[in-house]
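Beneath this line is the structure, given in structure tokens, with notes to follow.
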Amino acid sequence: MKVPSLERERPPVAIAPQPKIRWSLPSRRQATHFARHHRLTLGVLIGLGIIGCLPYNLKPGGKVELLPLTQQQIQAKVSGRVGQVLVDGGNRTVVPAGTLLATLDVPDLETQQQTISKQIETQNASITVAKREIEVAQQQLSAAKVQLKTAGIRASFSARAAKRYHALSIEGAISEQVAEDYKRQADTEASDVQELEATVNEKLQSLKESQERIGVAQGERERLNKQFAFASDELKRARIEMPFNGILIDHHLRDKIGTYLDKGDTYATAEAADSGKLRARVQLPEVVADRLKPGKEVEVKLMAFPDAPIRGEVVSIEPSLHLIETEQSRSDNSGDTVTVAHPTEARLLGVIIQLPNKDGRLRPGMSGYAKVDGDTVPLAVAFTRSLVRFFQIEVWSWLP
């Protein structure tokens, strides 16, 4: 049996469709009303927008320090005692490159050069004598060859005559005595040919010996010439010369006369002459590396001359960066206080600049602050670079 329901069934309720939301621009009245009530805020925003669009010249800056001038130690190239000092130092006088500054006395080299020179003279004399001997031997050899040729012709003629007269004596046409005379003459002339052949061989041997002697003497002279050239070069190296146009910063160099210097010892220190320009290093943060290039103008204010800014230009940019080091003092186990340098995350880029110094008031080692001319960008871009870079690098690195 079905139990009747206590509640009456409700008829279904029809749901009316929702009207679509339509976006429309505010009316002129509404806009005027909004502008009237928010005119101060709108004025501030418009003013900030105009200011943000103003051009601004970025000038990255950092600490600057004037670099020392180029220096070079002038060293002794050979061991010796200072004999002459031709140029004294410490007077800021510019010395041209190649100027003879001092000479070293090297007795061993001088004695060796004199000995070699005498030996060369001896060899030259030996070569001269040998050349004369060769000339005489060649003349004697030529004369002996002529005599040998003549004697050979006579000997051949006498031999044929003796043979012919011997045959005639056998036939009885002439006496045996005449034939014997011709035979003795032929034998004598044949003996003369043998003697002349021996003489020619002797002259040839003498000529060869003279040629060998002159060859040995010439080889010895060449060896001695090389030794003499080496000793001469070493003596030239005993001359101390100025390596470039500059000044000698050492005082009282004349007091070094008589001082013995080993090879490689420093005689003096040369410094490049001030050409009216000095170089300095500016330390700039790495984030401005994209704004730097040679030729950019730089404005420098030194601690010594704060009221006189100096204009220079970028010469070069160092290829590597370095960390900023902060010093911190602490006590170790022994109770002593030590200073430890800790590198921080900031990195600096070294920029080499050139500054005018015609009046000579700038000194190496001076410090201050420098600003490098950069690009012209809107003011808003200039002061939001750090924030934009934060999102471009830091936030990007967080993303998976």
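Each chain in the structure tokens gets a letter, A, B, ..., in the order shown, and its residues are numbered from 1; ligands are numbered from 1 in order too.
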
Spatial neighbours of Leu104 in chain A, max dist 9 Å, only C-alpha atoms, sep filter under 5 positions, as number ranges by chain:
A: 76, 78-84, 235, 237-240, 260-261

Please provide as a PyMOL selection string all residues within 10 Å of Lys226 in chain A, with the sequence filter that same-chain residues fewer than 6 positions apart are discarded (counting only C-alpha atoms).
chain A and resi 116+220+232

Which residue out of A:Val87, A:Val146, A:Ile51, A:Val372 has the minimum interatomic distance to Val200 in chain A when only C-alpha atoms are used?
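Among the listed residues, the smallest separation from Val200 in chain A belongs to A:Val146.
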
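In terms of minimum interatomic distance to Ala130 in chain A, A:Arg213 ranks closest within A:Lys183, A:Arg213, A:Lys118, A:Arg92, counting only C-alpha atoms.
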
Find the residues near Ala231 in chain A: any atom within 12 Å, counting only C-alpha atoms, skip ones fewer than 2 places away on the same chain, and give them as a PDB file with N, CA and C atoms, in the first residue's frame.
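Output file selection_36.pdb is given in full below:
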ATOM      1  N   VAL A  78     127.035  42.004 -19.357  1.00  0.00           N
ATOM      2  CA  VAL A  78     128.232  41.212 -19.076  1.00  0.00           C
ATOM      3  C   VAL A  78     128.729  41.605 -17.697  1.00  0.00           C
ATOM      4  N   VAL A 106     136.048  45.339 -18.827  1.00  0.00           N
ATOM      5  CA  VAL A 106     136.092  43.868 -18.832  1.00  0.00           C
ATOM      6  C   VAL A 106     137.498  43.467 -19.269  1.00  0.00           C
ATOM      7  N   PRO A 107     138.467  43.427 -18.346  1.00  0.00           N
ATOM      8  CA  PRO A 107     139.869  43.162 -18.718  1.00  0.00           C
ATOM      9  C   PRO A 107     140.046  41.835 -19.432  1.00  0.00           C
ATOM     10  N   ASP A 108     139.345  40.808 -19.002  1.00  0.00           N
ATOM     11  CA  ASP A 108     139.515  39.493 -19.628  1.00  0.00           C
ATOM     12  C   ASP A 108     139.151  39.550 -21.108  1.00  0.00           C
ATOM     13  N   LEU A 109     138.045  40.195 -21.416  1.00  0.00           N
ATOM     14  CA  LEU A 109     137.632  40.290 -22.810  1.00  0.00           C
ATOM     15  C   LEU A 109     138.608  41.141 -23.621  1.00  0.00           C
ATOM     16  N   GLU A 110     139.073  42.227 -23.031  1.00  0.00           N
ATOM     17  CA  GLU A 110     140.025  43.084 -23.743  1.00  0.00           C
ATOM     18  C   GLU A 110     141.331  42.339 -24.020  1.00  0.00           C
ATOM     19  N   THR A 111     141.834  41.603 -23.012  1.00  0.00           N
ATOM     20  CA  THR A 111     143.060  40.810 -23.209  1.00  0.00           C
ATOM     21  C   THR A 111     142.841  39.731 -24.257  1.00  0.00           C
ATOM     22  N   GLN A 112     141.680  39.064 -24.174  1.00  0.00           N
ATOM     23  CA  GLN A 112     141.374  38.026 -25.148  1.00  0.00           C
ATOM     24  C   GLN A 112     141.294  38.593 -26.555  1.00  0.00           C
ATOM     25  N   GLN A 113     140.705  39.762 -26.699  1.00  0.00           N
ATOM     26  CA  GLN A 113     140.600  40.382 -28.022  1.00  0.00           C
ATOM     27  C   GLN A 113     141.973  40.740 -28.572  1.00  0.00           C
ATOM     28  N   GLN A 114     142.863  41.279 -27.714  1.00  0.00           N
ATOM     29  CA  GLN A 114     144.209  41.620 -28.162  1.00  0.00           C
ATOM     30  C   GLN A 114     144.989  40.377 -28.580  1.00  0.00           C
ATOM     31  N   THR A 115     144.846  39.292 -27.781  1.00  0.00           N
ATOM     32  CA  THR A 115     145.546  38.044 -28.119  1.00  0.00           C
ATOM     33  C   THR A 115     145.053  37.489 -29.443  1.00  0.00           C
ATOM     34  N   ILE A 116     143.763  37.477 -29.626  1.00  0.00           N
ATOM     35  CA  ILE A 116     143.195  36.959 -30.871  1.00  0.00           C
ATOM     36  C   ILE A 116     143.629  37.826 -32.051  1.00  0.00           C
ATOM     37  N   SER A 117     143.694  39.142 -31.841  1.00  0.00           N
ATOM     38  CA  SER A 117     144.124  40.039 -32.915  1.00  0.00           C
ATOM     39  C   SER A 117     145.557  39.730 -33.356  1.00  0.00           C
ATOM     40  N   LEU A 224     139.624  32.228 -35.792  1.00  0.00           N
ATOM     41  CA  LEU A 224     140.037  33.353 -34.958  1.00  0.00           C
ATOM     42  C   LEU A 224     139.157  34.581 -35.212  1.00  0.00           C
ATOM     43  N   ASN A 225     138.761  34.777 -36.463  1.00  0.00           N
ATOM     44  CA  ASN A 225     137.870  35.906 -36.760  1.00  0.00           C
ATOM     45  C   ASN A 225     136.539  35.762 -36.033  1.00  0.00           C
ATOM     46  N   LYS A 226     136.015  34.554 -35.961  1.00  0.00           N
ATOM     47  CA  LYS A 226     134.768  34.324 -35.223  1.00  0.00           C
ATOM     48  C   LYS A 226     134.961  34.609 -33.740  1.00  0.00           C
ATOM     49  N   GLN A 227     136.084  34.164 -33.206  1.00  0.00           N
ATOM     50  CA  GLN A 227     136.362  34.453 -31.794  1.00  0.00           C
ATOM     51  C   GLN A 227     136.503  35.954 -31.563  1.00  0.00           C
ATOM     52  N   PHE A 228     137.167  36.620 -32.499  1.00  0.00           N
ATOM     53  CA  PHE A 228     137.348  38.069 -32.363  1.00  0.00           C
ATOM     54  C   PHE A 228     135.993  38.783 -32.450  1.00  0.00           C
ATOM     55  N   ALA A 229     135.130  38.343 -33.366  1.00  0.00           N
ATOM     56  CA  ALA A 229     133.801  38.953 -33.483  1.00  0.00           C
ATOM     57  C   ALA A 229     132.992  38.727 -32.214  1.00  0.00           C
ATOM     58  N   ASP A 233     131.595  41.634 -29.814  1.00  0.00           N
ATOM     59  CA  ASP A 233     130.183  41.757 -29.414  1.00  0.00           C
ATOM     60  C   ASP A 233     130.055  41.827 -27.902  1.00  0.00           C
ATOM     61  N   GLU A 234     130.840  41.030 -27.211  1.00  0.00           N
ATOM     62  CA  GLU A 234     130.790  41.066 -25.752  1.00  0.00           C
ATOM     63  C   GLU A 234     131.255  42.425 -25.229  1.00  0.00           C
ATOM     64  N   LEU A 235     132.260  42.992 -25.866  1.00  0.00           N
ATOM     65  CA  LEU A 235     132.711  44.321 -25.446  1.00  0.00           C
ATOM     66  C   LEU A 235     131.648  45.380 -25.744  1.00  0.00           C
ATOM     67  N   LYS A 236     130.923  45.199 -26.865  1.00  0.00           N
ATOM     68  CA  LYS A 236     129.826  46.128 -27.142  1.00  0.00           C
ATOM     69  C   LYS A 236     128.733  46.001 -26.090  1.00  0.00           C
ATOM     70  N   ARG A 237     128.519  44.779 -25.620  1.00  0.00           N
ATOM     71  CA  ARG A 237     127.505  44.563 -24.574  1.00  0.00           C
ATOM     72  C   ARG A 237     127.937  45.179 -23.249  1.00  0.00           C
ATOM     73  N   ALA A 238     129.213  45.514 -23.142  1.00  0.00           N
ATOM     74  CA  ALA A 238     129.676  46.205 -21.937  1.00  0.00           C
ATOM     75  C   ALA A 238     129.284  47.671 -21.950  1.00  0.00           C
TER      76      ALA A 238
END

Taking only C-alpha atoms into account, which of A:Arg154, A:Tyr182, A:Glu195, A:Asp250 comes nearest His166 in chain A?
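Of A:Arg154, A:Tyr182, A:Glu195, A:Asp250, the one nearest His166 in chain A, counting only C-alpha atoms, is A:Tyr182.
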
Counting only C-alpha atoms, which residue out of A:Ser169, A:Gln185, A:Asn124, A:Gln194 sits closest to Gln147 in chain A?
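Distance minimum relative to Gln147 in chain A lands on A:Gln194.
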
Using only C-alpha atoms, which protein or nucleic acid residues come within 10 Å of range 282-293 of chain A? Drop anything in the same chain fewer than 4 positions from it, and give the result as number ranges by chain.
A: 58-66, 297-298, 300, 313-317, 321-322, 324, 346-353, 367-375, 385-386, 389

Coordinates-based distance that separates CA of Leu141 in chain A from CA of Asp192 in chain A (Å, one decimal):
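We find that CA of Asp192 in chain A and CA of Leu141 in chain A lie 16.1 Å from each other.
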
Write out as a PDB file with C-alpha atoms, in the first residue's frame which residues come within 12 Å of Ile74 in chain A when counting only C-alpha atoms, dropping same-chain ones fewer than 2 positions away.
ATOM      1  CA  GLN A  71     109.653  51.667 -16.044  1.00  0.00           C
ATOM      2  CA  GLN A  72     112.467  49.327 -17.015  1.00  0.00           C
ATOM      3  CA  ALA A  76     124.453  44.735 -17.093  1.00  0.00           C
ATOM      4  CA  LYS A  77     124.732  42.362 -20.062  1.00  0.00           C
ATOM      5  CA  LEU A 100     125.497  55.715 -23.921  1.00  0.00           C
ATOM      6  CA  LEU A 101     125.016  55.866 -20.156  1.00  0.00           C
ATOM      7  CA  ALA A 102     128.084  54.026 -18.860  1.00  0.00           C
ATOM      8  CA  ARG A 239     128.173  49.500 -23.119  1.00  0.00           C
ATOM      9  CA  ILE A 240     125.096  50.414 -21.063  1.00  0.00           C
ATOM     10  CA  GLU A 241     122.620  52.349 -23.198  1.00  0.00           C
ATOM     11  CA  MET A 242     119.229  54.002 -22.678  1.00  0.00           C
ATOM     12  CA  PRO A 243     116.473  51.623 -23.834  1.00  0.00           C
ATOM     13  CA  PHE A 244     113.913  54.333 -24.711  1.00  0.00           C
ATOM     14  CA  ILE A 247     114.568  59.725 -17.511  1.00  0.00           C
ATOM     15  CA  LEU A 248     116.857  57.987 -15.024  1.00  0.00           C
ATOM     16  CA  ILE A 249     115.187  57.997 -11.625  1.00  0.00           C
ATOM     17  CA  ASP A 250     118.334  56.872  -9.755  1.00  0.00           C
ATOM     18  CA  LEU A 261     128.377  44.295 -11.621  1.00  0.00           C
ATOM     19  CA  LYS A 263     125.752  39.814 -15.537  1.00  0.00           C
ATOM     20  CA  GLY A 264     122.078  40.645 -14.922  1.00  0.00           C
ATOM     21  CA  ASP A 265     122.682  43.112 -12.072  1.00  0.00           C
ATOM     22  CA  THR A 266     120.644  46.325 -12.233  1.00  0.00           C
ATOM     23  CA  TYR A 267     122.636  49.436 -13.032  1.00  0.00           C
ATOM     24  CA  ALA A 268     119.769  51.950 -13.044  1.00  0.00           C
ATOM     25  CA  THR A 269     116.006  52.273 -13.552  1.00  0.00           C
ATOM     26  CA  ALA A 270     114.618  54.131 -16.555  1.00  0.00           C
ATOM     27  CA  GLU A 271     111.180  55.691 -16.622  1.00  0.00           C
TER      28      GLU A 271
END

DSSP on the backbone: which residues in range 18-261 of chain A end up as helix (DSSP H, G or I)? Give the answer as a ChimeraX atom specification.
/A:28-37,39-52,107-171,176-237,253-256

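Of note, CA of Ala161 in chain A and CA of Ala186 in chain A are spaced 8.1 Å apart.
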
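Remark: for His252 in chain A, the closest of the candidate residues A:Pro68, A:Gln73, A:Arg132, A:Val85 is A:Val85 (distances computed over only C-alpha atoms).
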
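Close contacts of range 93-96 of chain A, defined as residues with an atom at most 7 Å away when counting only C-alpha atoms, with chain neighbours fewer than 2 positions off set aside, comprise A:Asn91, A:Gly98, A:Thr99, A:Phe244, A:Asn245, A:Gly246, A:Ile247, A:Ala273.
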
Write the residues of the preceding selection, restricted to N, CA and C atoms, as a JSON list (two decimals), in the first residue's frame.
[["chain", "number", "residue", "atom", "x", "y", "z"],
["A", 91, "ASN", "N", 117.74, 63.85, -12.22],
["A", 91, "ASN", "CA", 117.52, 65.27, -12.50],
["A", 91, "ASN", "C", 116.37, 65.53, -13.46],
["A", 98, "GLY", "N", 119.06, 54.99, -26.88],
["A", 98, "GLY", "CA", 120.36, 54.66, -27.46],
["A", 98, "GLY", "C", 121.52, 55.46, -26.93],
["A", 99, "THR", "N", 121.26, 56.41, -26.03],
["A", 99, "THR", "CA", 122.35, 57.21, -25.46],
["A", 99, "THR", "C", 123.24, 56.34, -24.59],
["A", 244, "PHE", "N", 114.96, 53.54, -24.05],
["A", 244, "PHE", "CA", 113.91, 54.33, -24.71],
["A", 244, "PHE", "C", 114.04, 55.78, -24.25],
["A", 245, "ASN", "N", 113.25, 56.65, -24.87],
["A", 245, "ASN", "CA", 113.26, 58.05, -24.44],
["A", 245, "ASN", "C", 112.65, 58.16, -23.05],
["A", 246, "GLY", "N", 113.44, 58.61, -22.11],
["A", 246, "GLY", "CA", 112.93, 58.69, -20.75],
["A", 246, "GLY", "C", 113.94, 59.34, -19.82],
["A", 247, "ILE", "N", 113.71, 59.14, -18.54],
["A", 247, "ILE", "CA", 114.57, 59.73, -17.51],
["A", 247, "ILE", "C", 115.13, 58.61, -16.63],
["A", 273, "ALA", "N", 109.48, 58.98, -20.49],
["A", 273, "ALA", "CA", 109.29, 60.42, -20.36],
["A", 273, "ALA", "C", 107.81, 60.76, -20.42]]

Using only C-alpha atoms for the distances, tell me which of A:Arg160, A:Lys296, A:Lys131, A:Lys145 is nearest to Leu204 in chain A.
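Among the listed residues, the smallest separation from Leu204 in chain A belongs to A:Lys145.
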